[in-house]
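Enquirer: The structure file my_file_25.txt (compact mmCIF, C-alpha atoms) is provided below.
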```
# COMPACT_ATOMS: atom_id res chain seq x y z
CA MET C 216 193.49 102.61 150.56
CA ALA C 217 195.65 103.44 147.58
CA GLN C 218 194.22 105.41 144.72
CA GLN C 219 192.64 103.06 142.25
CA SER C 220 190.98 103.44 138.94
CA ASP C 221 189.20 101.14 136.54
CA GLU C 222 186.68 101.49 133.78
CA ILE C 223 183.70 102.80 135.65
CA ILE C 224 184.65 103.70 139.21
CA GLU C 225 187.48 105.74 140.70
CA LEU C 226 188.52 105.67 144.34
CA LYS C 227 190.72 108.26 146.00
CA ASN C 228 191.61 109.29 149.52
CA GLU C 229 190.88 112.74 150.86
CA GLY C 230 192.32 112.68 154.37
CA ARG C 231 190.39 110.03 156.26
CA VAL C 232 187.61 109.99 153.70
CA VAL C 233 187.39 107.78 150.61
CA ILE C 234 185.76 109.37 147.60
CA ALA C 235 184.22 106.92 145.15
CA SER C 236 183.17 108.37 141.81
CA LEU C 237 181.27 106.56 139.12
CA THR C 238 182.64 107.61 135.75
CA ARG C 239 179.74 106.53 133.55
CA GLY C 240 176.04 106.39 134.29
CA ALA C 241 173.88 106.67 131.18
CA PHE C 242 170.94 104.32 130.65
CA ARG C 243 172.98 102.09 128.34
CA ASP C 244 175.69 101.83 131.04
CA GLU C 245 173.30 100.35 133.60
CA ASN C 246 174.94 96.94 133.76
CA GLY C 247 178.31 98.62 134.27
CA VAL C 248 176.92 100.81 137.04
CA LEU C 249 175.46 97.74 138.77
CA ALA C 250 178.79 95.94 138.47
CA ALA C 251 180.62 99.00 139.83
CA LEU C 252 178.34 99.26 142.85
CA GLU C 253 178.73 95.53 143.45
CA LYS C 254 182.48 95.96 143.33
CA LEU C 255 182.28 98.92 145.68
CA GLY C 256 180.37 96.72 148.10
CA HIS C 257 183.22 94.20 148.03
CA VAL C 258 185.75 96.97 148.67
CA MET C 259 183.74 97.93 151.75
CA ASP C 260 183.59 94.40 153.16
CA ASN C 261 184.95 94.20 156.71
CA ARG C 262 186.24 97.79 156.68
CA GLN C 263 185.98 99.45 160.07
CA ASN C 264 185.13 103.15 160.39
CA LEU C 265 185.04 103.62 156.64
CA ARG C 266 183.94 107.10 155.70
CA MET C 267 182.94 107.25 152.09
CA VAL C 268 181.53 109.83 149.71
CA LEU C 269 179.80 108.26 146.73
CA ASP C 270 179.83 110.75 143.88
CA LEU C 271 176.88 110.11 141.55
CA GLU C 272 177.26 113.18 139.34
CA VAL C 273 177.30 111.22 136.07
CA VAL C 274 174.56 108.77 137.01
CA GLU C 275 171.50 109.58 134.91
CA TYR C 276 169.68 106.30 135.39
CA MET C 277 169.19 103.89 138.25
CA SER C 278 166.90 100.88 138.49
CA SER C 279 165.66 99.12 141.59
CA ALA C 280 168.73 96.88 141.36
CA GLY C 281 170.94 99.97 141.62
CA LEU C 282 168.96 101.30 144.57
CA GLY C 283 169.38 97.92 146.26
CA ARG C 284 173.14 98.02 145.78
CA LEU C 285 173.27 101.54 147.23
CA VAL C 286 171.43 100.28 150.30
CA ALA C 287 173.88 97.37 150.56
CA CYS C 288 176.83 99.80 150.52
CA LEU C 289 175.25 101.99 153.19
CA LYS C 290 174.60 98.96 155.41
CA LYS C 291 178.23 97.87 155.10
CA ALA C 292 179.53 101.32 155.98
CA ARG C 293 177.25 101.64 159.02
CA ALA C 294 177.91 98.04 160.15
CA GLY C 295 181.62 98.86 160.37
CA GLY C 296 180.99 101.99 162.41
CA GLY C 297 181.50 104.28 159.43
CA ASP C 298 179.17 106.12 157.12
CA LEU C 299 178.47 106.80 153.47
CA ILE C 300 177.18 110.05 152.01
CA LEU C 301 175.81 110.45 148.50
CA ALA C 302 177.01 113.55 146.68
CA ARG C 303 176.08 115.37 143.47
CA VAL C 304 172.92 113.33 142.97
CA ARG C 305 170.97 114.35 139.87
CA PRO C 306 167.35 115.46 140.40
CA GLU C 307 165.92 112.43 138.60
CA ILE C 308 167.88 110.06 140.84
CA TYR C 309 167.01 112.06 143.95
CA GLU C 310 163.34 111.79 142.96
CA LEU C 311 163.65 108.00 142.90
CA LEU C 312 165.39 107.94 146.28
CA ASP C 313 162.68 110.16 147.69
CA LEU C 314 159.76 108.22 146.20
CA MET C 315 161.22 105.01 147.62
CA LYS C 316 161.64 106.78 151.01
CA LEU C 317 165.39 106.16 150.85
CA THR C 318 166.11 109.78 151.69
CA GLN C 319 165.12 108.71 155.20
CA ILE C 320 168.22 106.55 155.48
CA PHE C 321 170.69 108.21 153.08
CA THR C 322 172.43 111.50 153.64
CA VAL C 323 172.57 113.38 150.34
CA MET C 324 174.75 116.45 149.83
CA ASP C 325 175.24 118.87 146.97
CA THR C 326 179.04 118.78 146.81
CA ILE C 327 181.89 116.36 147.46
CA GLU C 328 183.56 119.00 149.66
CA GLU C 329 180.51 119.34 151.90
CA ALA C 330 180.17 115.57 152.21
CA THR C 331 183.88 115.12 152.93
CA LYS C 332 183.84 117.80 155.62
CA THR C 333 180.82 116.19 157.26
CA LEU C 334 182.47 112.77 157.34
CA GLU C 335 185.73 114.19 158.71
CA GLN C 336 183.80 115.64 161.64
CA ILE C 337 182.52 112.23 162.74
CA ALA C 338 184.30 111.26 165.95
CA MET Y 157 148.86 95.72 141.72
CA GLU Y 158 146.80 92.56 141.14
CA ILE Y 159 147.91 88.99 140.43
CA LEU Y 160 145.25 87.16 138.43
CA ALA Y 161 145.11 83.47 137.56
CA ASP Y 162 143.94 83.78 133.97
CA SER Y 163 145.81 84.88 130.85
CA PRO Y 164 145.63 88.41 129.43
CA THR Y 165 144.21 89.29 126.06
CA VAL Y 166 146.37 91.75 124.20
CA PRO Y 167 143.98 94.47 123.03
CA GLY Y 168 144.34 96.85 120.11
CA ASN Y 169 147.18 96.89 117.60
CA VAL Y 170 150.45 95.11 118.32
CA LEU Y 171 153.28 97.55 117.58
CA ASP Y 172 156.13 95.17 118.26
CA SER Y 173 156.53 91.58 119.37
CA ARG Y 174 159.87 90.12 120.42
CA GLU Y 175 161.48 87.51 122.62
CA ILE Y 176 164.89 87.26 124.24
CA PRO Y 177 166.71 84.51 126.11
CA SER Y 178 167.10 85.17 129.84
CA ASP Y 179 170.29 87.22 129.84
CA VAL Y 180 170.28 90.58 131.68
CA THR Y 181 172.72 92.10 129.19
CA LEU Y 182 170.02 91.80 126.52
CA VAL Y 183 167.44 93.80 128.50
CA ILE Y 184 168.68 97.36 127.99
CA PRO Y 185 169.11 97.06 124.20
CA LEU Y 186 165.56 95.67 124.00
CA VAL Y 187 164.16 98.46 126.17
CA CYS Y 188 165.94 101.07 124.03
CA ARG Y 189 164.32 99.64 120.90
CA LEU Y 190 160.84 99.50 122.42
CA VAL Y 191 160.96 102.99 123.92
CA GLU Y 192 162.30 104.43 120.69
CA ARG Y 193 159.24 103.01 118.94
CA LEU Y 194 156.92 104.55 121.55
CA VAL Y 195 158.60 107.95 121.22
CA GLN Y 196 158.47 107.82 117.41
CA ASP Y 197 154.77 106.95 117.52
CA GLY Y 198 154.05 109.89 119.82
CA CYS Y 199 153.03 107.68 122.74
CA VAL Y 200 155.81 108.87 125.06
CA PRO Y 201 157.20 112.42 125.19
CA ASP Y 202 160.95 112.85 125.54
CA ASP Y 203 160.44 114.20 129.08
CA ASP Y 204 158.94 110.87 130.16
CA ARG Y 205 161.36 108.63 128.30
CA ARG Y 206 163.43 107.87 131.41
CA LYS Y 207 160.39 106.87 133.46
CA VAL Y 208 159.16 104.54 130.73
CA GLU Y 209 162.63 103.06 130.25
CA LEU Y 210 162.70 102.37 133.99
CA CYS Y 211 159.31 100.59 133.98
CA LEU Y 212 160.17 98.43 130.97
CA ASP Y 213 163.62 97.65 132.41
CA GLU Y 214 162.08 96.59 135.72
CA ALA Y 215 159.38 94.40 134.12
CA ILE Y 216 161.72 92.64 131.68
CA THR Y 217 164.56 92.29 134.21
CA ASN Y 218 162.11 90.75 136.70
CA ALA Y 219 161.03 88.26 134.03
CA VAL Y 220 164.66 87.39 133.23
CA THR Y 221 166.05 87.16 136.75
CA HIS Y 222 163.12 86.24 139.00
CA GLY Y 223 160.71 84.61 136.56
CA ASN Y 224 163.18 82.61 134.51
CA ASP Y 225 165.94 82.55 137.14
CA SER Y 226 168.38 83.75 134.44
CA ASP Y 227 168.09 80.38 132.70
CA PHE Y 228 169.32 81.11 129.17
CA GLU Y 229 167.14 78.30 127.82
CA LYS Y 230 164.00 80.09 128.97
CA MET Y 231 162.63 82.97 126.92
CA VAL Y 232 161.00 86.26 127.83
CA HIS Y 233 158.24 87.31 125.45
CA VAL Y 234 157.34 90.96 124.96
CA GLN Y 235 154.42 92.55 123.12
CA LEU Y 236 154.03 96.29 122.75
CA TYR Y 237 150.56 97.47 121.76
CA LEU Y 238 148.40 100.50 121.18
CA ASP Y 239 144.82 100.49 122.46
CA GLY Y 240 142.94 103.67 121.65
CA ASP Y 241 144.42 106.49 123.71
CA ARG Y 242 146.66 104.13 125.67
CA TRP Y 243 149.73 102.03 125.00
CA GLY Y 244 150.72 98.92 126.88
CA ILE Y 245 153.27 96.19 127.16
CA VAL Y 246 152.82 92.52 128.02
CA VAL Y 247 155.89 90.70 129.36
CA THR Y 248 155.73 86.94 129.84
CA ASP Y 249 158.30 84.60 131.35
CA GLU Y 250 158.49 80.81 131.50
CA GLY Y 251 158.91 80.53 135.27
CA GLU Y 252 156.76 79.45 138.18
CA GLY Y 253 155.00 82.75 138.90
CA PHE Y 254 154.74 84.32 142.35
CA THR Y 255 152.24 85.35 145.02
CA ARG Y 256 151.45 88.75 146.52
CA GLU Y 257 153.15 87.66 149.75
CA ALA Y 258 156.48 87.36 147.93
CA VAL Y 259 156.52 91.12 147.28
CA PRO Y 260 157.82 93.14 150.24
CA ASP Y 261 155.55 95.83 151.65
CA LEU Y 262 157.75 98.86 151.14
CA GLU Y 263 155.34 101.08 153.05
CA ALA Y 264 156.67 99.60 156.28
CA ASP Y 265 159.65 101.56 157.67
CA GLU Y 266 161.52 98.39 158.59
CA GLN Y 267 161.59 97.52 154.89
CA LEU Y 268 163.66 100.59 154.01
CA TRP Y 269 166.85 98.55 154.40
CA GLN Y 270 165.73 95.87 151.95
CA GLU Y 271 168.21 95.36 149.12
CA SER Y 272 165.58 94.15 146.64
CA GLY Y 273 161.86 94.23 145.94
CA ARG Y 274 161.45 97.81 144.68
CA GLY Y 275 160.93 96.98 141.00
CA ILE Y 276 157.17 96.50 141.07
CA ALA Y 277 156.75 99.58 143.27
CA LEU Y 278 158.60 101.68 140.69
CA MET Y 279 156.49 100.25 137.87
CA CYS Y 280 153.31 101.12 139.78
CA LEU Y 281 154.57 104.67 140.35
CA TYR Y 282 155.04 105.55 136.71
CA MET Y 283 152.52 103.36 134.86
CA ASP Y 284 148.74 103.89 135.03
CA GLU Y 285 147.99 100.17 135.45
CA VAL Y 286 150.14 97.19 136.41
CA THR Y 287 148.41 93.80 136.45
CA TYR Y 288 149.94 90.35 136.72
CA PHE Y 289 148.34 87.34 135.02
CA ASP Y 290 149.04 83.62 134.80
CA GLY Y 291 149.84 83.49 138.52
CA GLY Y 292 152.58 86.10 138.08
CA ARG Y 293 154.19 84.82 134.88
CA THR Y 294 152.80 87.67 132.76
CA VAL Y 295 152.59 91.37 133.48
CA ASN Y 296 150.49 93.86 131.54
CA MET Y 297 151.38 97.53 132.05
CA VAL Y 298 149.36 100.37 130.59
CA ARG Y 299 149.93 104.12 130.24
CA ARG Y 300 148.05 106.91 128.53
CA CYS Y 301 149.58 108.21 125.32
CA SER Y 302 151.35 111.53 125.72
CA ARG Y 303 149.36 113.24 123.01
CA LEU Y 304 146.34 112.91 125.28
CA GLY Y 305 148.12 113.69 128.53
CA SER Y 306 151.13 112.24 130.35
CA GLY Y 307 149.10 109.85 132.46
CA GLU Y 308 150.35 111.32 135.75
```
Would you write the structure of this file as structure tokens?
Expert:
Amino acid sequence: MAQQSDEIIELKNEGRVVIASLTRGAFRDENGVLAALEKLGHVMDNRQNLRMVLDLEVVEYMSSAGLGRLVACLKKARAGGGDLILARVRPEIYELLDLMKLTQIFTVMDTIEEATKTLEQIA
Amino acid sequence: MEILADSPTVPGNVLDSREIPSDVTLVIPLVCRLVERLVQDGCVPDDDRRKVELCLDEAITNAVTHGNDSDFEKMVHVQLYLDGDRWGIVVTDEGEGFTREAVPDLEADEQLWQESGRGIALMCLYMDEVTYFDGGRTVNMVRRCSRLGSGE
């Protein structure tokens, strides 16, 4: 996957791992965040063994629609034999994930480096 | 969360009353305006702003997308009110309503992989009361004013 960039999401390769970073994530950007996660889902369609870090550092707000799109991305990664790890999740977003029990299905890590290393170690 | 057949009565003083056509891009600007009013009136502390924004976003987005099926010709009506030591919001759509069975039971582990259906659960987490009326076409959500406690 070549490095790509658009208004609200950036994709880059780090070895065998794709790092997807949202570039805006304030409350007023919610529709853009939803569109970005939708687009990310399309990028993941039919990709085998995709290892992706989703960097949420700038995301301050997420609705149930956003949580649903995160789940959709995780399902696509796992369905293709790959995985997706969330990195740099803000406390308020982590609280939502936890309250909705989604920390039972998502792996969440503090840094992109830690998440990348973990994904590189998958056989 | 209850779904009642009758219509709600808006108690107390109406702080704001608005309506929007069913377009999701109009939801966030409306929520910003309503929450700003609640913060200015001392009903919501800054620390709780994000939780209240989330609840209003979920309720109004549900009305737009599920209630009115994003039909621009159908309106969503919103009333913000103060009732003693509590504030509330009534959101009404022009759709067909829904039943309790249509809402997934997120307590079940097999529902963790659902891609939708968490909106009402989030509203119930952060509001003190969430009640649906008119067979699901109207929701009334209530929370204690911050000056008398955060309601959590």
Enquirer: Under the rule that only C-alpha atoms are counted, which of Y:Asp197, Y:Asp249, Y:Asp284, Y:Glu271 is the nearest residue to Val234 (chain Y)?
Expert: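 Of the candidates, the smallest distance to Val234 (chain Y) is held by Y:Asp249.
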Enquirer: Report as a VMD selection string all protein, DNA and RNA residues lying within 8 Å of region 222-229 of chain C, evaluated on only C-alpha atoms, omitting residues in the same chain fewer than 5 positions from it.
Expert: chain C and resid 216 to 217 234 to 239 247 to 248 251 331
Enquirer: Residues of chain Y within 6 Å of chain C, counting all atoms listed in the file - could you list those as a ChimeraX atom specification?
Expert: /Y:271-272,274-275
Enquirer: Those residues with C-alpha atoms, as a PDB file, keeping the file's coordinate frame please?
Expert:
```pdb
ATOM      1  CA  GLU Y 271     168.210  95.360 149.120  1.00  0.00           C
ATOM      2  CA  SER Y 272     165.580  94.150 146.640  1.00  0.00           C
ATOM      3  CA  ARG Y 274     161.450  97.810 144.680  1.00  0.00           C
ATOM      4  CA  GLY Y 275     160.930  96.980 141.000  1.00  0.00           C
TER       5      GLY Y 275
END
```
Enquirer: Considering only C-alpha atoms, return as a list of chain:residue names whatever protein or nucleic-acid residues lie within 8 Å of Asp298 (chain C), sequence-local ones (same chain, fewer than 6 positions apart) excluded.
Expert: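 So the residues in contact are C:Asn264, C:Leu265, C:Arg266, C:Met267, C:Leu289, C:Ala292, C:Leu334.
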Enquirer: Write out as a list of chain:residue names the residues lying within 7 Å of Val200 (chain Y), counting all atoms listed in the file and excluding same-chain residues fewer than 5 positions away.
Expert: Y:Leu194, Y:Val195, Y:Arg205, Y:Cys301, Y:Ser302
Enquirer: Give me the residues within 10 Å of region 257-262 of chain Y as a VMD selection string, counting all atoms listed in the file and dropping any in the same chain fewer than 2 places off.
Expert: (chain C and resid 315 to 316) or (chain Y and resid 254 to 255 264 to 270 272 to 277)
Enquirer: For Tyr237 (chain Y), list every protein, DNA or RNA residue within 6 Å, evaluated using only C-alpha atoms, and leave out those in the same chain fewer than 2 positions away; present the list as a short mmCIF file (atom, residue, chain, number, x, y, z; two decimals) with C-alpha atoms, keeping the file's coordinate frame.
Expert:
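Listing of around_0.cif after writing:
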```
data_model
loop_
_atom_site.label_atom_id
_atom_site.label_comp_id
_atom_site.auth_asym_id
_atom_site.auth_seq_id
_atom_site.Cartn_x
_atom_site.Cartn_y
_atom_site.Cartn_z
CA ASN Y 169 147.18 96.89 117.60
CA VAL Y 170 150.45 95.11 118.32
CA LEU Y 171 153.28 97.55 117.58
CA TRP Y 243 149.73 102.03 125.00
CA GLY Y 244 150.72 98.92 126.88
#
```
Enquirer: Please, can region 256-273 of chain C be completed to N, CA and C atoms and returned as a short mmCIF file (atom, residue, chain, number, x, y, z; two decimals), in the frame of the given file?
Expert:
```cif
data_model
loop_
_atom_site.label_atom_id
_atom_site.label_comp_id
_atom_site.auth_asym_id
_atom_site.auth_seq_id
_atom_site.Cartn_x
_atom_site.Cartn_y
_atom_site.Cartn_z
N GLY C 256 180.80 97.47 146.92
CA GLY C 256 180.37 96.72 148.10
C GLY C 256 181.46 95.77 148.58
N HIS C 257 182.13 95.11 147.65
CA HIS C 257 183.22 94.20 148.03
C HIS C 257 184.38 94.96 148.66
N VAL C 258 184.67 96.14 148.11
CA VAL C 258 185.75 96.97 148.67
C VAL C 258 185.44 97.34 150.12
N MET C 259 184.15 97.49 150.41
CA MET C 259 183.74 97.93 151.75
C MET C 259 183.65 96.79 152.76
N ASP C 260 183.72 95.55 152.26
CA ASP C 260 183.59 94.40 153.16
C ASP C 260 184.60 94.47 154.30
N ASN C 261 184.10 94.30 155.51
CA ASN C 261 184.95 94.20 156.71
C ASN C 261 185.83 95.42 156.96
N ARG C 262 185.48 96.56 156.41
CA ARG C 262 186.24 97.79 156.68
C ARG C 262 185.62 98.48 157.89
N GLN C 263 186.45 98.77 158.87
CA GLN C 263 185.98 99.45 160.07
C GLN C 263 186.11 100.97 159.90
N ASN C 264 185.12 101.68 160.39
CA ASN C 264 185.13 103.15 160.39
C ASN C 264 185.36 103.76 159.01
N LEU C 265 184.87 103.10 158.00
CA LEU C 265 185.04 103.62 156.64
C LEU C 265 184.13 104.82 156.43
N ARG C 266 184.73 105.90 156.00
CA ARG C 266 183.94 107.10 155.70
C ARG C 266 184.04 107.32 154.19
N MET C 267 182.91 107.22 153.55
CA MET C 267 182.94 107.25 152.09
C MET C 267 181.95 108.24 151.52
N VAL C 268 182.43 108.99 150.52
CA VAL C 268 181.53 109.83 149.71
C VAL C 268 181.33 109.10 148.39
N LEU C 269 180.08 108.88 148.02
CA LEU C 269 179.80 108.26 146.73
C LEU C 269 179.28 109.34 145.79
N ASP C 270 180.12 109.67 144.82
CA ASP C 270 179.83 110.75 143.88
C ASP C 270 179.02 110.20 142.70
N LEU C 271 177.78 110.64 142.59
CA LEU C 271 176.88 110.11 141.55
C LEU C 271 176.61 111.13 140.44
N GLU C 272 177.53 112.08 140.28
CA GLU C 272 177.26 113.18 139.34
C GLU C 272 176.89 112.70 137.93
N VAL C 273 177.54 111.64 137.46
CA VAL C 273 177.30 111.22 136.07
C VAL C 273 176.16 110.21 135.95
#
```
